[in-house]
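Inspection log for the structure reproduced underneath, given as structure tokens.
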Amino acid sequence: MTKSPPTTTNVASECGSHDPDLLASCVHCGFCLEVCPTYKLTGDENNSPRGRLRLWREEAEGRLVQDPWTDFYTAECVGCLACESACPANVPYGEIFEQVKHAHVATGRSKPPLMLRLAARLAARPFLFNLAMLPARLLRQTGLLRHRFLFPGRPAVLQSTADYARQLMSQHRPTGPRVALLTGCLMESLFREINFATVRVLIENNIQVVIPPDQGCCGAFQEHTGMAGVEALRTNNRQAFGNLDVEAIVSNSSGCGLALSKGLEGTLPVRDVLSFLGEQTLVSRPRRDQGTRVYVDLPCHLIHGQKVAGIPTHVLNATGYSWELAPQARDCCGSGGVYNIQKPENSREILAKKSAFLNQAAGKPVILATSNHVCMMQWNSARSGGLVTKPYEVRHVIQLLDPGETFTIRQPS
Ligand code: SF4
Ligand code: SF4
């Protein structure tokens, strides 16, 4: 928290879009304070869920003028939703926070950086986004693309996940439950190898995979930044997914799955792919090298957003690895969608506390496994940013279940 809050000005409140009933639902008990990463860093009440809710309510009800301090404390929030899980009064903090962020951007009180504004526009056009990211995919595939957030991987450069799934489905012809896969924007354009692994794991476990061609961005990017356009994206996905003959839509990214579930409310269930697999009989990988140790971290948008208890033990055991939950597995890593770009210093401080254990972690090699690509990027930055000096790999849990690319070479007889 190194940046100083701005100077106060007297401007009339413009937060007319806040839902007053939601804002009034906080009973000020303070149970949320101790789970809030920004309150834990600063000890500042205004930097807590209760403090932010109070500022927004005071302003909405006209007792506080529009104030740059309110803008400052709003921007400090990671959006981890830990406060929702801790709240005995069921205050829908995430919904309120989204309303506030959208109002702040719409009225010019805050402005996402140009890079994020451009990325959000591109993400809303999957074809263009995939095309624009082709050179980055190629460079990542060859190991030449270096950035502190980019964990190593070898994505297919030209073949899409939809094409790959069609090919694998026709080779293996699974007969079990039928699901649709959300392939995502950044996942498909840059981290496609995780989508491919997801398709292999599902099909190996006799699950039929459908990939609707017209699916688009889930809207998470717009929700994180407060930018407009969420409703159009939700409408598009209701058309793409809403009438499918599938048991569920599965997502391998907890943030995207949460955003899609809001858009598809009342239609099909959106499930985290690992939770869905936890209800199936799984092919287990052979027992792995006993020296390897997997530390499992739980994404905030999985446990606090989707309200899933965690990653099923049954799934983690099927990886064949010796695993344990990472210390503070239920605490935020500081990624927060785009928080690590918008508030890099805060994000790094939060990550420093959480990742410190890796410097002494038992195991050789050490694997940090989670289930959200944005958290994977954040964990990778702990090593590349010098917070952790001991080597470790960052993997998605689905990659630990993956039968591998040899699964694809079975030729039809
Ligand atoms: S979403 Fe996270 S960072 Fe924001 S107020 Fe709630 S607990 Fe704190
Ligand atoms: S736990 Fe809920 S009701 Fe209590 S202060 Fe926090 S947001 Fe308000």
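Just remember, in the structure tokens the first chain shown is A, the second B, etc., residues are 1-based per chain, and ligands are 1-based in the order shown.
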Neighbouring residues of ligand 2 are defined here as those with any atom at most 9 Å from a ligand atom, counting only C-alpha atoms and all ligand atoms; list them as a VMD selection string.
chain A and resid 25 to 33 48 to 51 53 to 54 83 to 93
Any chance you could export the current selection's C-alpha atoms as a short mmCIF file (atom, residue, chain, number, x, y, z; two decimals), in the first residue's frame?
```cif
data_model
loop_
_atom_site.label_atom_id
_atom_site.label_comp_id
_atom_site.auth_asym_id
_atom_site.auth_seq_id
_atom_site.Cartn_x
_atom_site.Cartn_y
_atom_site.Cartn_z
CA SER A 25 -27.87 -5.13 3.98
CA CYS A 26 -24.54 -4.76 5.85
CA VAL A 27 -25.09 -4.90 9.62
CA HIS A 28 -21.51 -3.71 10.38
CA CYS A 29 -20.60 -6.80 12.41
CA GLY A 30 -17.01 -6.82 11.11
CA PHE A 31 -16.73 -10.59 10.63
CA CYS A 32 -15.39 -9.89 7.13
CA LEU A 33 -12.42 -7.80 8.22
CA SER A 48 -12.03 -3.37 4.40
CA PRO A 49 -15.35 -4.69 3.06
CA ARG A 50 -17.28 -2.95 5.85
CA GLY A 51 -15.43 0.29 5.22
CA LEU A 53 -19.67 -0.60 1.91
CA ARG A 54 -20.02 2.29 4.35
CA CYS A 83 -15.84 -11.25 2.53
CA GLU A 84 -18.94 -12.84 1.00
CA SER A 85 -18.04 -16.24 2.43
CA ALA A 86 -17.38 -14.71 5.87
CA CYS A 87 -20.53 -12.60 6.00
CA PRO A 88 -23.32 -13.89 8.30
CA ALA A 89 -25.80 -11.42 6.76
CA ASN A 90 -25.21 -12.69 3.20
CA VAL A 91 -24.29 -9.26 1.88
CA PRO A 92 -23.78 -9.71 -1.88
CA TYR A 93 -20.52 -7.76 -1.84
#
```
Check which residues of chain A sit at most 6 Å from ligand 1 using only C-alpha atoms and all ligand atoms, and return one row each with the closest pair of atoms and their distance in Å to one decimal, ordered by chain and rising number, as CSV.
```
residue,atom,partner,partner_atom_place_in_ligand_line,distance
A:Val35,CA,ligand 1,7 (S),5.8
A:Cys36,CA,ligand 1,7 (S),3.6
A:Pro37,CA,ligand 1,3 (S),5.4
A:Thr38,CA,ligand 1,3 (S),5.5
A:Ser48,CA,ligand 1,5 (S),5.1
A:Pro49,CA,ligand 1,5 (S),3.7
A:Cys77,CA,ligand 1,4 (Fe),3.9
A:Val78,CA,ligand 1,3 (S),4.2
A:Gly79,CA,ligand 1,1 (S),3.7
A:Cys80,CA,ligand 1,2 (Fe),4.0
A:Leu81,CA,ligand 1,1 (S),3.9
A:Ala82,CA,ligand 1,7 (S),4.5
A:Cys83,CA,ligand 1,7 (S),4.2
```
Those same residues - C-alpha atoms - I'd like them written as a compact mmCIF listing (two decimals), in the first residue's frame.
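Once everything was written out, this is out02.txt:
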```
# COMPACT_ATOMS: atom_id res chain seq x y z
CA VAL A 35 -10.43 -12.35 5.76
CA CYS A 36 -9.89 -9.24 3.65
CA PRO A 37 -6.39 -9.12 2.12
CA THR A 38 -6.30 -5.32 1.89
CA SER A 48 -12.03 -3.37 4.40
CA PRO A 49 -15.35 -4.69 3.06
CA CYS A 77 -10.33 -3.98 -3.51
CA VAL A 78 -8.97 -7.18 -5.09
CA GLY A 79 -12.47 -8.55 -5.74
CA CYS A 80 -11.56 -11.87 -4.09
CA LEU A 81 -15.04 -12.24 -2.52
CA ALA A 82 -13.62 -13.74 0.69
CA CYS A 83 -15.84 -11.25 2.53
```
Please tabulate, as CSV, the residues of stretch 275-394 of chain A that come within 10 Å of stretch 134-155 of chain A, each with its closest pair of atoms and the distance in Å to one decimal, counting only C-alpha atoms and ordering rows by chain, then residue number upward.
```
residue,atom,partner,partner_atom,distance
A:Asn340,CA,A:Phe149,CA,9.8
A:His373,CA,A:Phe151,CA,9.4
A:Val374,CA,A:Phe149,CA,8.7
A:Cys375,CA,A:Phe149,CA,9.5
A:Met376,CA,A:Phe151,CA,7.2
A:Met377,CA,A:Phe149,CA,4.4
A:Gln378,CA,A:Phe149,CA,6.1
A:Trp379,CA,A:Phe149,CA,7.9
A:Asn380,CA,A:Phe149,CA,5.7
A:Ser381,CA,A:Arg148,CA,4.9
A:Ala382,CA,A:Arg148,CA,8.3
A:Arg383,CA,A:Arg148,CA,8.1
A:Ser384,CA,A:Arg148,CA,5.1
A:Gly385,CA,A:Arg148,CA,6.4
A:Gly386,CA,A:Arg148,CA,9.8
A:Glu393,CA,A:Phe151,CA,8.3
A:Val394,CA,A:Phe151,CA,6.7
```
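All residues in stretch 201-344 of chain A with a DSSP state of strand (DSSP E or B), computed from the backbone, read A:Gln208, A:Val209, A:Val210, A:Ala248, A:Ile249, A:Val250, A:Ser251, A:Val270, A:Arg271, A:Asp272, A:Arg293, A:Val294, A:Tyr295, A:Val296, A:Ser322, A:Trp323, A:Glu324, A:Leu325.
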Keeping only N, CA and C atoms, write those residues as a short mmCIF file (atom, residue, chain, number, x, y, z; two decimals), in the first residue's frame.
```
data_model
loop_
_atom_site.label_atom_id
_atom_site.label_comp_id
_atom_site.auth_asym_id
_atom_site.auth_seq_id
_atom_site.Cartn_x
_atom_site.Cartn_y
_atom_site.Cartn_z
N GLN A 208 -18.65 -37.01 -23.07
CA GLN A 208 -18.77 -36.41 -24.40
C GLN A 208 -18.58 -34.90 -24.30
N VAL A 209 -17.80 -34.37 -25.22
CA VAL A 209 -17.48 -32.93 -25.17
C VAL A 209 -18.01 -32.23 -26.41
N VAL A 210 -18.77 -31.16 -26.15
CA VAL A 210 -19.30 -30.33 -27.22
C VAL A 210 -18.69 -28.94 -27.04
N ALA A 248 -24.30 -30.24 -18.48
CA ALA A 248 -23.73 -29.04 -17.85
C ALA A 248 -22.76 -28.38 -18.81
N ILE A 249 -22.46 -27.14 -18.49
CA ILE A 249 -21.36 -26.46 -19.16
C ILE A 249 -20.21 -26.51 -18.19
N VAL A 250 -19.04 -26.92 -18.66
CA VAL A 250 -17.91 -27.00 -17.74
C VAL A 250 -16.87 -25.97 -18.12
N SER A 251 -16.19 -25.47 -17.09
CA SER A 251 -15.15 -24.46 -17.29
C SER A 251 -13.90 -24.88 -16.51
N VAL A 270 -23.56 -24.18 -14.83
CA VAL A 270 -22.16 -24.01 -15.20
C VAL A 270 -21.34 -24.61 -14.07
N ARG A 271 -20.51 -25.59 -14.38
CA ARG A 271 -19.77 -26.32 -13.35
C ARG A 271 -18.27 -26.15 -13.55
N ASP A 272 -17.56 -26.10 -12.45
CA ASP A 272 -16.12 -26.20 -12.54
C ASP A 272 -15.79 -27.62 -12.99
N ARG A 293 6.30 -33.30 -4.97
CA ARG A 293 5.26 -32.86 -4.03
C ARG A 293 4.38 -31.80 -4.71
N VAL A 294 3.08 -32.02 -4.66
CA VAL A 294 2.15 -31.05 -5.25
C VAL A 294 1.48 -30.26 -4.14
N TYR A 295 1.52 -28.94 -4.24
CA TYR A 295 0.83 -28.05 -3.30
C TYR A 295 -0.36 -27.45 -4.03
N VAL A 296 -1.54 -27.68 -3.49
CA VAL A 296 -2.77 -27.28 -4.19
C VAL A 296 -3.28 -25.97 -3.62
N SER A 322 1.73 -37.26 -4.76
CA SER A 322 1.57 -36.93 -3.34
C SER A 322 1.22 -35.46 -3.29
N TRP A 323 0.12 -35.14 -2.68
CA TRP A 323 -0.31 -33.73 -2.68
C TRP A 323 -0.77 -33.31 -1.29
N GLU A 324 -0.79 -32.02 -1.10
CA GLU A 324 -1.38 -31.44 0.11
C GLU A 324 -1.85 -30.03 -0.24
N LEU A 325 -2.77 -29.54 0.55
CA LEU A 325 -3.19 -28.15 0.33
C LEU A 325 -2.04 -27.22 0.67
#
```
Once DSSP has gone over the backbone, tell me which residues of stretch 208-262 of chain A are in alpha helix (DSSP H), as a tab-separated table (two decimals) with C-alpha atoms, in the first residue's frame.
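The resulting out-v7.tsv:
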```tsv
chain	number	residue	atom	x	y	z
A	220	ALA	CA	-15.20	-11.47	-16.66
A	221	PHE	CA	-12.82	-8.97	-18.21
A	222	GLN	CA	-15.54	-6.31	-18.30
A	223	GLU	CA	-16.61	-7.19	-14.77
A	224	HIS	CA	-13.06	-6.88	-13.44
A	225	THR	CA	-12.41	-3.56	-15.13
A	230	VAL	CA	-21.20	-7.31	-20.14
A	231	GLU	CA	-24.88	-7.71	-21.03
A	232	ALA	CA	-24.18	-8.07	-24.78
A	233	LEU	CA	-21.63	-10.79	-24.03
A	234	ARG	CA	-24.06	-12.58	-21.72
A	235	THR	CA	-26.78	-12.45	-24.37
A	236	ASN	CA	-24.41	-13.95	-26.92
A	237	ASN	CA	-23.53	-16.80	-24.57
A	238	ARG	CA	-27.17	-17.44	-23.70
A	239	GLN	CA	-27.73	-17.98	-27.42
A	240	ALA	CA	-24.59	-20.09	-27.84
A	241	PHE	CA	-25.07	-22.34	-24.77
A	254	SER	CA	-12.95	-20.51	-12.01
A	255	GLY	CA	-13.24	-16.79	-12.82
A	256	CYS	CA	-14.65	-17.44	-16.29
A	257	GLY	CA	-16.98	-20.12	-14.94
A	258	LEU	CA	-18.34	-17.69	-12.36
A	259	ALA	CA	-18.90	-14.96	-14.95
A	260	LEU	CA	-20.60	-17.37	-17.36
A	261	SER	CA	-22.88	-18.72	-14.62
A	262	LYS	CA	-24.23	-15.18	-14.07
```
Residues within 8 Å of stretch 110-113 of chain A, only C-alpha atoms, excluding chain neighbours under 5 positions, as a compact mmCIF listing (two decimals) with C-alpha atoms, in the first residue's frame:
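Final file, around-v6.txt:
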```
# COMPACT_ATOMS: atom_id res chain seq x y z
CA ASP A 71 -12.49 6.04 -5.58
CA HIS A 104 -17.25 4.75 -11.60
CA VAL A 105 -16.06 3.92 -15.11
CA THR A 225 -12.41 -3.56 -15.13
CA MET A 227 -16.13 -1.53 -18.49
CA GLN A 342 -3.93 -2.34 -12.00
```
One decimal, in Å: what's the spacing between atom CA of A:Pro344 and atom CA of A:Lys101?
18.5 Å
Do a neighbour search on A:Thr319 at 9 Å with only C-alpha atoms, toss out local chain neighbours closer than 6 positions, and write the hits as a PDB file with N, CA and C atoms, in the first residue's frame.
```pdb
ATOM      1  N   SER A 284      -7.265 -43.275 -13.161  1.00  0.00           N
ATOM      2  CA  SER A 284      -6.191 -42.697 -12.337  1.00  0.00           C
ATOM      3  C   SER A 284      -4.866 -42.827 -13.055  1.00  0.00           C
ATOM      4  N   ARG A 285      -4.049 -41.848 -12.879  1.00  0.00           N
ATOM      5  CA  ARG A 285      -2.672 -41.922 -13.393  1.00  0.00           C
ATOM      6  C   ARG A 285      -1.871 -42.838 -12.470  1.00  0.00           C
ATOM      7  N   PRO A 286      -0.855 -43.507 -13.015  1.00  0.00           N
ATOM      8  CA  PRO A 286      -0.020 -44.363 -12.163  1.00  0.00           C
ATOM      9  C   PRO A 286       0.629 -43.545 -11.056  1.00  0.00           C
ATOM     10  N   ARG A 287       0.982 -44.239  -9.987  1.00  0.00           N
ATOM     11  CA  ARG A 287       1.659 -43.567  -8.865  1.00  0.00           C
ATOM     12  C   ARG A 287       2.924 -42.881  -9.376  1.00  0.00           C
ATOM     13  N   ARG A 288       3.095 -41.628  -8.985  1.00  0.00           N
ATOM     14  CA  ARG A 288       4.239 -40.849  -9.496  1.00  0.00           C
ATOM     15  C   ARG A 288       5.438 -40.985  -8.561  1.00  0.00           C
ATOM     16  N   VAL A 397      -4.511 -28.240 -12.303  1.00  0.00           N
ATOM     17  CA  VAL A 397      -4.769 -29.601 -11.802  1.00  0.00           C
ATOM     18  C   VAL A 397      -5.172 -30.527 -12.942  1.00  0.00           C
ATOM     19  N   ILE A 398      -5.894 -29.992 -13.921  1.00  0.00           N
ATOM     20  CA  ILE A 398      -6.337 -30.850 -15.040  1.00  0.00           C
ATOM     21  C   ILE A 398      -5.122 -31.396 -15.796  1.00  0.00           C
ATOM     22  N   GLN A 399      -4.017 -30.647 -15.794  1.00  0.00           N
ATOM     23  CA  GLN A 399      -2.810 -31.128 -16.482  1.00  0.00           C
ATOM     24  C   GLN A 399      -2.173 -32.289 -15.731  1.00  0.00           C
ATOM     25  N   LEU A 400      -2.424 -32.375 -14.428  1.00  0.00           N
ATOM     26  CA  LEU A 400      -1.871 -33.487 -13.651  1.00  0.00           C
ATOM     27  C   LEU A 400      -2.661 -34.774 -13.891  1.00  0.00           C
ATOM     28  N   LEU A 401      -3.886 -34.626 -14.410  1.00  0.00           N
ATOM     29  CA  LEU A 401      -4.719 -35.795 -14.733  1.00  0.00           C
ATOM     30  C   LEU A 401      -4.571 -36.212 -16.187  1.00  0.00           C
ATOM     31  N   ASP A 402      -3.879 -35.400 -16.953  1.00  0.00           N
ATOM     32  CA  ASP A 402      -3.846 -35.534 -18.418  1.00  0.00           C
ATOM     33  C   ASP A 402      -3.187 -36.838 -18.861  1.00  0.00           C
TER      34      ASP A 402
END
```
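Using only C-alpha atoms, the smallest distance between any of A:Leu202, A:Leu282, A:Ala24, A:Leu316 and A:Ile96 comes from A:Ala24.
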Pairwise distance for atom CA of A:Gly336 and atom CA of A:Ser275, rounded to one decimal in Å:
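That distance, rounded to one decimal, is 21.5 Å.
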May I ask which of the residues A:Ala361, A:Ala326, A:Val179, A:Cys218 is the closest one to A:Ala165, counting only C-alpha atoms?
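Closest to A:Ala165, using only C-alpha atoms: A:Val179.
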Given only C-alpha atoms as the basis, pick out the residue of A:Ala369, A:Val388, A:Ala132, A:Ala318 nearest to A:Leu351.
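Between A:Ala369, A:Val388, A:Ala132, A:Ala318, the residue approaching A:Leu351 most closely is A:Val388.
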Calculated over only C-alpha atoms, which of the candidates A:Gly219, A:Gly404, A:Ala228, A:Asn372 has the smallest distance to A:Phe191?
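For A:Phe191, the nearest of the candidates is A:Asn372.
Proximity ranking of A:Glu45, A:Glu204, A:Glu193, A:Glu247 relative to A:Thr281 places A:Glu204 first, based on only C-alpha atoms.
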